[in-house]
>>> print(open('coords19.csv').read())   # CSV, C-alpha atoms (C1' of nucleotides)
chain,number,residue,atom,x,y,z
A,14,MET,CA,20.1,-7.7,-5.3
A,15,ALA,CA,21.5,-10.9,-3.8
A,16,THR,CA,20.5,-11.8,-0.3
A,17,LYS,CA,23.4,-12.1,2.1
A,18,TYR,CA,23.6,-14.2,5.2
A,19,SER,CA,22.5,-12.6,8.5
A,20,ARG,CA,22.6,-14.2,11.9
A,21,GLN,CA,19.6,-12.1,12.9
A,22,ARG,CA,17.5,-13.5,10.1
A,23,GLU,CA,18.5,-17.1,10.8
A,24,GLU,CA,17.6,-16.7,14.4
A,25,ILE,CA,14.2,-15.2,13.5
A,26,LYS,CA,13.5,-18.1,11.1
A,27,ALA,CA,14.6,-20.7,13.7
A,28,TYR,CA,12.4,-19.1,16.3
A,29,LEU,CA,9.3,-19.1,14.0
A,30,ALA,CA,10.0,-22.7,13.0
A,31,SER,CA,10.0,-23.7,16.7
A,32,ARG,CA,6.5,-22.2,17.4
A,33,LYS,CA,3.1,-23.1,16.4
A,34,ASP,CA,1.4,-20.2,18.1
A,35,HIS,CA,1.6,-17.3,15.7
A,36,PRO,CA,4.0,-14.7,17.1
A,37,THR,CA,3.8,-11.0,16.4
A,38,ALA,CA,6.9,-8.9,15.4
A,39,ASP,CA,7.2,-7.8,19.1
A,40,ASN,CA,7.0,-11.5,20.3
A,41,VAL,CA,9.8,-12.3,17.9
A,42,TYR,CA,11.8,-9.3,19.0
A,43,MET,CA,11.5,-10.2,22.7
A,44,ALA,CA,12.4,-13.8,22.1
A,45,ILE,CA,15.5,-13.1,19.8
A,46,ARG,CA,16.8,-10.6,22.4
A,47,ARG,CA,17.7,-13.6,24.5
A,48,GLN,CA,20.2,-14.7,21.8
A,49,ILE,CA,21.1,-11.3,20.4
A,50,PRO,CA,20.5,-8.7,23.1
A,51,ASN,CA,21.1,-5.6,21.0
A,52,ILE,CA,19.0,-6.6,17.9
A,53,SER,CA,16.8,-3.8,16.7
A,54,LEU,CA,13.1,-4.0,16.4
A,55,GLY,CA,13.5,-2.5,12.9
A,56,THR,CA,15.7,-5.4,12.0
A,57,VAL,CA,13.0,-7.8,13.1
A,58,TYR,CA,10.4,-6.1,11.0
A,59,ARG,CA,12.7,-5.8,8.0
A,60,ASN,CA,13.6,-9.5,8.1
A,61,LEU,CA,10.0,-10.6,8.7
A,62,THR,CA,9.0,-8.7,5.6
A,63,MET,CA,11.9,-10.1,3.6
A,64,LEU,CA,10.9,-13.7,4.6
A,65,VAL,CA,7.3,-13.0,3.7
A,66,ASP,CA,8.4,-11.7,0.3
A,67,ALA,CA,10.6,-14.7,-0.2
A,68,GLY,CA,7.7,-17.0,0.5
A,69,GLU,CA,9.5,-18.5,3.5
A,70,ILE,CA,6.8,-17.4,6.0
A,71,THR,CA,3.3,-16.1,5.9
A,72,ARG,CA,1.9,-12.9,7.3
A,73,LEU,CA,-1.4,-13.4,9.1
A,74,ARG,CA,-4.0,-10.7,9.6
A,75,VAL,CA,-6.8,-11.7,11.9
A,76,GLY,CA,-8.4,-8.4,12.6
A,77,ASP,CA,-6.6,-7.6,15.9
A,78,GLY,CA,-4.6,-4.8,14.5
A,79,VAL,CA,-1.3,-6.7,14.8
A,80,ASP,CA,0.4,-8.8,12.2
A,81,HIS,CA,1.1,-12.4,13.1
A,82,PHE,CA,3.7,-14.6,11.4
A,83,ASP,CA,3.5,-18.3,10.5
A,84,TYR,CA,6.4,-20.6,9.5
A,85,ASP,CA,3.9,-23.0,8.0
A,86,THR,CA,3.3,-21.7,4.5
A,87,SER,CA,1.0,-24.5,3.4
A,88,PRO,CA,-2.6,-23.4,3.0
A,89,HIS,CA,-4.5,-23.9,6.2
A,90,TYR,CA,-7.0,-22.1,8.4
A,91,HIS,CA,-6.8,-20.3,11.7
A,92,PHE,CA,-9.0,-19.8,14.8
A,93,VAL,CA,-8.8,-16.7,16.9
A,94,CYS,CA,-10.0,-16.7,20.5
A,95,THR,CA,-12.1,-13.7,21.3
A,96,GLU,CA,-11.2,-14.1,25.0
A,97,CYS,CA,-7.4,-14.4,25.0
A,98,GLY,CA,-6.5,-13.5,21.4
A,99,SER,CA,-4.5,-16.7,20.7
A,100,VAL,CA,-4.3,-17.8,17.1
A,101,ILE,CA,-4.6,-21.6,16.6
A,102,ASP,CA,-4.1,-23.8,13.6
A,103,LEU,CA,-7.2,-25.7,12.4
A,104,ASP,CA,-7.1,-29.1,10.9
A,105,MET,CA,-9.6,-28.5,8.2
A,106,GLN,CA,-10.0,-29.4,4.6
A,107,ASN,CA,-9.5,-26.6,2.1
A,108,ILE,CA,-12.6,-24.7,0.9
A,109,ASP,CA,-11.4,-23.2,-2.3
A,110,SER,CA,-14.7,-24.4,-3.8
A,111,ILE,CA,-16.2,-21.2,-2.3
A,112,LEU,CA,-14.2,-19.2,-5.0
A,113,LYS,CA,-16.7,-20.5,-7.6
A,114,LEU,CA,-19.6,-19.4,-5.5
A,115,ALA,CA,-18.1,-16.0,-5.0
A,116,GLY,CA,-17.3,-15.6,-8.7
A,117,ALA,CA,-20.7,-16.4,-10.0
A,118,GLY,CA,-22.2,-13.1,-11.2
A,119,PHE,CA,-19.1,-11.1,-10.4
A,120,ASP,CA,-17.4,-9.2,-13.2
A,121,GLY,CA,-13.8,-9.3,-11.9
A,122,LYS,CA,-11.2,-12.1,-11.4
A,123,ILE,CA,-11.3,-13.7,-8.0
A,124,ALA,CA,-7.8,-15.0,-7.1
A,125,GLY,CA,-8.3,-16.3,-3.6
A,126,HIS,CA,-9.9,-15.9,-0.2
A,127,VAL,CA,-9.0,-15.1,3.4
A,128,THR,CA,-10.9,-17.0,6.0
A,129,TYR,CA,-10.5,-17.3,9.7
A,130,PHE,CA,-12.8,-18.4,12.5
A,131,TYR,CA,-13.4,-16.9,15.9
A,132,GLY,CA,-14.9,-18.1,19.2
A,133,VAL,CA,-13.7,-19.3,22.5
A,134,CYS,CA,-10.6,-21.6,22.6
A,135,GLY,CA,-10.4,-24.8,24.6
A,136,ASN,CA,-8.4,-23.2,27.4
A,137,CYS,CA,-10.7,-20.3,27.8
A,138,CYS,CA,-13.7,-22.7,27.8
A,139,LYS,CA,-12.2,-24.6,30.7
A,140,LYS,CA,-11.5,-21.4,32.6
A,141,GLU,CA,-15.1,-20.2,32.2
A,142,ASN,CA,-16.4,-23.5,33.7
A,143,THR,CA,-13.9,-23.4,36.6
A,144,GLU,CA,-14.8,-19.8,37.4
A,145,SER,CA,-18.4,-20.8,38.2
A,146,ASN,CA,-19.9,-18.4,40.7
B,18,MET,CA,-26.0,6.4,29.7
B,19,ALA,CA,-28.7,7.5,27.4
B,20,THR,CA,-27.8,8.3,23.8
B,21,LYS,CA,-28.6,11.9,22.9
B,22,TYR,CA,-29.2,13.3,19.5
B,23,SER,CA,-26.3,14.6,17.5
B,24,ARG,CA,-26.4,16.1,14.1
B,25,GLN,CA,-22.9,14.8,13.4
B,26,ARG,CA,-24.0,11.3,14.0
B,27,GLU,CA,-27.1,11.6,11.8
B,28,GLU,CA,-25.0,13.0,9.0
B,29,ILE,CA,-22.5,10.1,9.3
B,30,LYS,CA,-25.3,7.6,9.2
B,31,ALA,CA,-27.0,9.2,6.3
B,32,TYR,CA,-23.7,9.3,4.4
B,33,LEU,CA,-23.0,5.6,5.0
B,34,ALA,CA,-26.5,4.8,4.0
B,35,SER,CA,-26.0,6.5,0.7
B,36,ARG,CA,-22.9,4.6,-0.3
B,37,LYS,CA,-22.3,1.0,-1.3
B,38,ASP,CA,-18.5,1.3,-1.6
B,39,HIS,CA,-17.2,0.9,2.0
B,40,PRO,CA,-15.9,4.2,3.2
B,41,THR,CA,-13.0,4.6,5.8
B,42,ALA,CA,-13.2,7.0,8.7
B,43,ASP,CA,-11.2,9.5,6.7
B,44,ASN,CA,-13.6,9.1,3.7
B,45,VAL,CA,-16.5,9.8,6.0
B,46,TYR,CA,-14.7,12.8,7.5
B,47,MET,CA,-13.9,14.4,4.2
B,48,ALA,CA,-17.5,13.9,3.0
B,49,ILE,CA,-19.2,15.2,6.2
B,50,ARG,CA,-17.0,18.3,6.1
B,51,ARG,CA,-19.1,19.5,3.1
B,52,GLN,CA,-22.1,19.7,5.5
B,53,ILE,CA,-20.4,20.4,8.8
B,54,PRO,CA,-17.1,22.1,7.9
B,55,ASN,CA,-15.7,22.1,11.4
B,56,ILE,CA,-16.5,18.6,12.4
B,57,SER,CA,-13.6,16.9,14.1
B,58,LEU,CA,-12.0,13.6,12.9
B,59,GLY,CA,-12.3,12.4,16.5
B,60,THR,CA,-16.0,12.9,16.4
B,61,VAL,CA,-16.2,10.8,13.3
B,62,TYR,CA,-14.2,8.0,14.9
B,63,ARG,CA,-16.3,8.2,18.1
B,64,ASN,CA,-19.6,8.0,16.3
B,65,LEU,CA,-18.5,5.3,14.0
B,66,THR,CA,-17.5,3.2,17.0
B,67,MET,CA,-20.8,4.0,18.7
B,68,LEU,CA,-22.8,3.0,15.7
B,69,VAL,CA,-20.8,-0.3,15.4
B,70,ASP,CA,-21.5,-1.0,19.1
B,71,ALA,CA,-25.2,-0.2,18.6
B,72,GLY,CA,-25.3,-2.7,15.7
B,73,GLU,CA,-26.3,0.0,13.3
B,74,ILE,CA,-23.3,-0.4,11.1
B,75,THR,CA,-20.5,-3.0,10.6
B,76,ARG,CA,-16.8,-2.5,10.8
B,77,LEU,CA,-14.9,-4.2,8.0
B,78,ARG,CA,-11.3,-5.4,8.2
B,79,VAL,CA,-9.9,-6.5,4.9
B,80,GLY,CA,-6.2,-6.6,5.7
B,81,ASP,CA,-5.3,-3.2,4.2
B,82,GLY,CA,-4.6,-1.6,7.6
B,83,VAL,CA,-7.6,0.7,7.5
B,84,ASP,CA,-11.1,0.0,8.9
B,85,HIS,CA,-14.0,0.3,6.4
B,86,PHE,CA,-17.6,0.8,7.4
B,87,ASP,CA,-20.8,-0.7,6.0
B,88,TYR,CA,-24.3,0.5,6.5
B,89,ASP,CA,-25.6,-3.0,5.4
B,90,THR,CA,-25.4,-5.1,8.6
B,91,SER,CA,-26.9,-8.2,7.0
B,92,PRO,CA,-24.5,-11.0,6.6
B,93,HIS,CA,-22.8,-10.9,3.2
B,94,TYR,CA,-19.3,-11.2,1.7
B,95,HIS,CA,-16.8,-8.7,0.2
B,96,PHE,CA,-14.3,-8.6,-2.5
B,97,VAL,CA,-11.1,-6.6,-2.3
B,98,CYS,CA,-9.3,-5.5,-5.4
B,99,THR,CA,-5.6,-6.0,-5.2
B,100,GLU,CA,-5.1,-3.3,-7.8
B,101,CYS,CA,-7.2,-0.3,-6.6
B,102,GLY,CA,-8.1,-1.4,-3.1
B,103,SER,CA,-11.9,-1.0,-3.7
B,104,VAL,CA,-14.2,-3.1,-1.5
B,105,ILE,CA,-17.2,-4.5,-3.3
B,106,ASP,CA,-20.3,-6.4,-2.1
B,107,LEU,CA,-20.6,-10.0,-3.4
B,108,ASP,CA,-24.0,-11.5,-4.1
B,109,MET,CA,-23.2,-14.9,-2.7
B,110,GLN,CA,-25.0,-17.5,-0.6
B,111,ASN,CA,-23.9,-17.8,3.0
B,112,ILE,CA,-21.3,-20.4,3.8
B,113,ASP,CA,-21.8,-20.9,7.6
B,114,SER,CA,-21.7,-24.6,6.8
B,115,ILE,CA,-17.9,-24.2,7.0
B,116,LEU,CA,-18.2,-23.7,10.7
B,117,LYS,CA,-19.0,-27.4,11.1
B,118,LEU,CA,-15.9,-28.3,9.1
B,119,ALA,CA,-13.8,-26.0,11.2
B,120,GLY,CA,-15.2,-27.3,14.5
B,121,ALA,CA,-14.6,-31.0,13.8
B,122,GLY,CA,-11.7,-32.0,16.0
B,123,PHE,CA,-11.3,-28.6,17.6
B,124,ASP,CA,-11.8,-28.4,21.4
B,125,GLY,CA,-13.1,-24.8,21.6
B,126,LYS,CA,-16.4,-23.2,20.6
B,127,ILE,CA,-16.5,-21.7,17.1
B,128,ALA,CA,-18.9,-18.8,17.0
B,129,GLY,CA,-18.4,-17.5,13.4
B,130,HIS,CA,-16.0,-16.8,10.6
B,131,VAL,CA,-14.6,-13.9,8.6
B,132,THR,CA,-14.2,-14.4,4.9
B,133,TYR,CA,-13.3,-12.0,2.1
B,134,PHE,CA,-12.1,-12.6,-1.4
B,135,TYR,CA,-9.4,-10.8,-3.4
B,136,GLY,CA,-8.4,-10.5,-7.0
B,137,VAL,CA,-8.8,-7.9,-9.7
B,138,CYS,CA,-12.1,-6.0,-10.0
B,139,GLY,CA,-14.1,-5.5,-13.1
B,140,ASN,CA,-12.8,-1.9,-13.6
B,141,CYS,CA,-9.2,-2.8,-13.2
B,142,CYS,CA,-9.6,-5.8,-15.6
B,143,LYS,CA,-10.9,-3.4,-18.3
B,144,LYS,CA,-8.0,-1.0,-17.7
B,145,GLU,CA,-5.4,-3.8,-18.0
B,146,ASN,CA,-6.9,-4.8,-21.4
B,147,THR,CA,-7.0,-1.2,-22.6
B,148,GLU,CA,-3.4,-0.5,-21.6
B,149,SER,CA,-2.1,-3.1,-24.0
B,150,ASN,CA,1.4,-2.2,-25.1
C,10,DT,C1',-39.0,29.5,29.9
C,11,DA,C1',-34.8,29.0,33.0
C,12,DA,C1',-31.7,25.8,35.4
C,13,DT,C1',-29.0,21.8,35.2
C,14,DA,C1',-26.7,17.5,34.5
C,15,DA,C1',-25.4,14.3,31.1
C,16,DA,C1',-23.8,13.7,26.6
C,17,DA,C1',-21.4,15.2,22.7
C,18,DC,C1',-18.3,18.3,20.6
C,19,DA,C1',-13.8,20.5,18.5
C,20,DG,C1',-9.3,20.7,19.0
C,21,DT,C1',-5.3,18.6,20.2
C,22,DA,C1',-2.1,15.3,22.3
C,23,DA,C1',-0.9,10.6,22.9
C,24,DT,C1',-0.5,5.8,21.5
C,25,DC,C1',0.8,1.9,18.9
C,26,DA,C1',2.3,-0.8,15.0
C,27,DT,C1',5.0,-0.2,11.3
C,28,DT,C1',8.2,1.9,7.9
C,29,DA,C1',12.0,5.0,6.6
C,30,DT,C1',16.4,7.1,7.3
C,31,DC,C1',21.3,7.2,8.1
C,32,DG,C1',25.8,6.4,9.5
C,33,DT,C1',28.3,2.0,10.8
C,34,DT,C1',29.2,-3.0,10.4
C,35,DT,C1',29.2,-7.3,8.0
C,36,DT,C1',29.3,-10.2,4.1
C,37,DG,C1',31.2,-12.4,0.2
C,38,DG,C1',33.3,-12.2,-4.3
C,39,DA,C1',37.4,-10.2,-6.9
D,9,DT,C1',43.2,-7.9,1.5
D,10,DC,C1',40.0,-4.7,-1.0
D,11,DC,C1',35.6,-3.1,-1.9
D,12,DA,C1',30.8,-2.7,-3.0
D,13,DA,C1',26.5,-4.4,-1.7
D,14,DA,C1',23.7,-5.9,2.0
D,15,DA,C1',22.4,-5.7,6.5
D,16,DC,C1',22.6,-3.6,10.9
D,17,DG,C1',21.3,-0.6,15.3
D,18,DA,C1',19.4,3.5,16.6
D,19,DT,C1',16.2,6.6,16.0
D,20,DA,C1',12.9,9.5,13.6
D,21,DA,C1',8.7,9.6,10.9
D,22,DT,C1',4.2,8.0,9.5
D,23,DG,C1',-0.6,6.9,9.7
D,24,DA,C1',-4.6,5.1,11.9
D,25,DT,C1',-6.8,5.4,15.9
D,26,DT,C1',-7.8,6.6,20.8
D,27,DA,C1',-7.6,9.6,24.9
D,28,DC,C1',-8.0,14.1,27.1
D,29,DT,C1',-9.9,18.7,28.1
D,30,DG,C1',-12.5,22.6,28.2
D,31,DT,C1',-16.7,24.1,25.7
D,32,DT,C1',-21.3,23.5,23.6
D,33,DT,C1',-25.6,20.9,22.9
D,34,DT,C1',-29.3,18.1,24.4
D,35,DA,C1',-33.2,17.0,27.1
D,36,DT,C1',-35.3,16.8,31.4
D,37,DT,C1',-37.4,19.1,35.3
D,38,DA,C1',-38.8,23.0,38.0
>>> encode(input="coords19.csv", output="structure tokens")
Amino acid sequence: MATKYSRQREEIKAYLASRKDHPTADNVYMAIRRQIPNISLGTVYRNLTMLVDAGEITRLRVGDGVDHFDYDTSPHYHFVCTECGSVIDLDMQNIDSILKLAGAGFDGKIAGHVTYFYGVCGNCCKKENTESN
Amino acid sequence: MATKYSRQREEIKAYLASRKDHPTADNVYMAIRRQIPNISLGTVYRNLTMLVDAGEITRLRVGDGVDHFDYDTSPHYHFVCTECGSVIDLDMQNIDSILKLAGAGFDGKIAGHVTYFYGVCGNCCKKENTESN
DNA sequence: TAATAAAACAGTAATCATTATCGTTTTGGA
DNA sequence: TCCAAAACGATAATGATTACTGTTTTATTA
């Protein structure tokens, strides 16, 4: 039952805490291998899932087929660039008011919502302007 | 280049048109096999992707790791039951106004948003009440 | 109607992210 | 120090999806 210390898990947490892009399991694996060269990818997945279950990190699914992880568990929204795939935090007020809209005339219980935005990020916008033919 | 007729694709379209739950590729495969017993799963995937690219159907990603498909391409929102996994259409006004909120103070171009709701559907609510200990 | 090239097919192999298994190592309390 | 539980590394398995390949279908043209 009790969770025991693991250096691997601490490194994973520290790495996620240091990033505000939203790394995938493979990103984490590649990064942690600099500190712990023989860490296993399975260990990364297991610890990421443990941390999600413990509420210490959040799992992000933004439709690109790969899970991203976020050390910031406070409710906030994300933007996904359709050009480069980067996932960026948005500074935006919460819109839980849409739960009421969604629940009107629905016969189940609505507990929450998932929202993310997509488009072209600032960097990719710049590139497009520079690459003018 | 030109798209040629295929009975398989027509059956897939007709099946999707007949459903308002949101079938997965495997759901479609199982259903079409009643009409075309030796249809290949690859054919189902290939045609679903063609139809999505042609704008005739929509691909839905609701975080359960499986793509769902929707014959209704008009903008609308979905509810996902955390108990039974069913995906249900919501009759809810559009909330594209949130794009303005998201774009304020963001240096890229926001093109759209993905939103879905989760909770317990009407059927599962009923079951929970019936299964009282 | 026959010839033909492009498109689509069925069957199967490959890919990719993720999870499960298993024998070994680490942790932490007695 | 002893020991059971937890975690590990390595690897196999899974499940959804895509890619490949030789065959069949479609649709155009002679």
>>> calpha_fit_rmsd(input="coords19.csv", fixed="chain A", moving="chain B")
0.1 Å
>>> closest_residue(input="coords19.csv", among="C:DT33, C:DA17, C:DT28, C:DT10", to="chain B", atoms="all atoms listed in the file")
C:DA17
>>> residues_around(input="coords19.csv", residues="range 131-138 of chain B", least_positions_apart="3", cutoff="9 Å", atoms="all atoms listed in the file", output="JSON, numbers by chain")
{"A": [75, 112, 115, 119, 120, 121, 122, 123, 124, 125, 126, 127, 128, 129, 130, 131], "B": [79, 94, 95, 96, 97, 98, 99, 100, 101, 103, 105, 141, 142, 143]}
>>> interface_residues(input="coords19.csv", of="chain D", to="chain B", cutoff="10 Å", atoms="only C-alpha atoms (C1' of nucleotides)", output="MDAnalysis selection string")
chainID D and resid 23:26 33:35
>>> closest_residue(input="coords19.csv", among="B:Gly80, B:His93, B:Asn64, B:Thr147", to="chain A", atoms="only C-alpha atoms")
B:Gly80
>>> closest_residue(input="coords19.csv", among="A:Ile70, A:Ile108, A:Leu54, A:Met43", to="chain C", atoms="all atoms listed in the file")
A:Leu54
>>> atom_distance(input="coords19.csv", atom1="C1' of DC18 in chain C", atom2="CA of His85 in chain B")
23.3 Å
>>> closest_residue(input="coords19.csv", among="C:DA11, C:DC31, C:DA19, C:DA39", to="DT31 in chain D", atoms="only C-alpha atoms (C1' of nucleotides)")
C:DA19
>>> interface_residues(input="coords19.csv", of="chain C", to="chain A", cutoff="10 Å", atoms="all atoms listed in the file", output="PyMOL selection string")
chain C and resi 25-29+35-37
>>> atom_distance(input="coords19.csv", atom1="CA of Asp70 in chain B", atom2="CA of Lys30 in chain B")
13.7 Å
>>> closest_residue(input="coords19.csv", among="A:Ile49, A:Gln21, A:Asn107, A:Arg74", to="chain B", atoms="all atoms listed in the file")
A:Arg74
>>> closest_residue(input="coords19.csv", among="A:Ala44, A:Leu29, A:Leu73, A:Val65", to="chain B", atoms="all atoms listed in the file")
A:Leu73
>>> atom_distance(input="coords19.csv", atom1="C1' of DA12 in chain C", atom2="CA of Asn55 in chain B")
29.1 Å
>>> residues_near_point(input="coords19.csv", point="(-8.7, 17.9, 27.8)", cutoff="10 Å", atoms="all atoms listed in the file", output="PyMOL selection string")
(chain C and resi 20-22) or (chain D and resi 27-30)
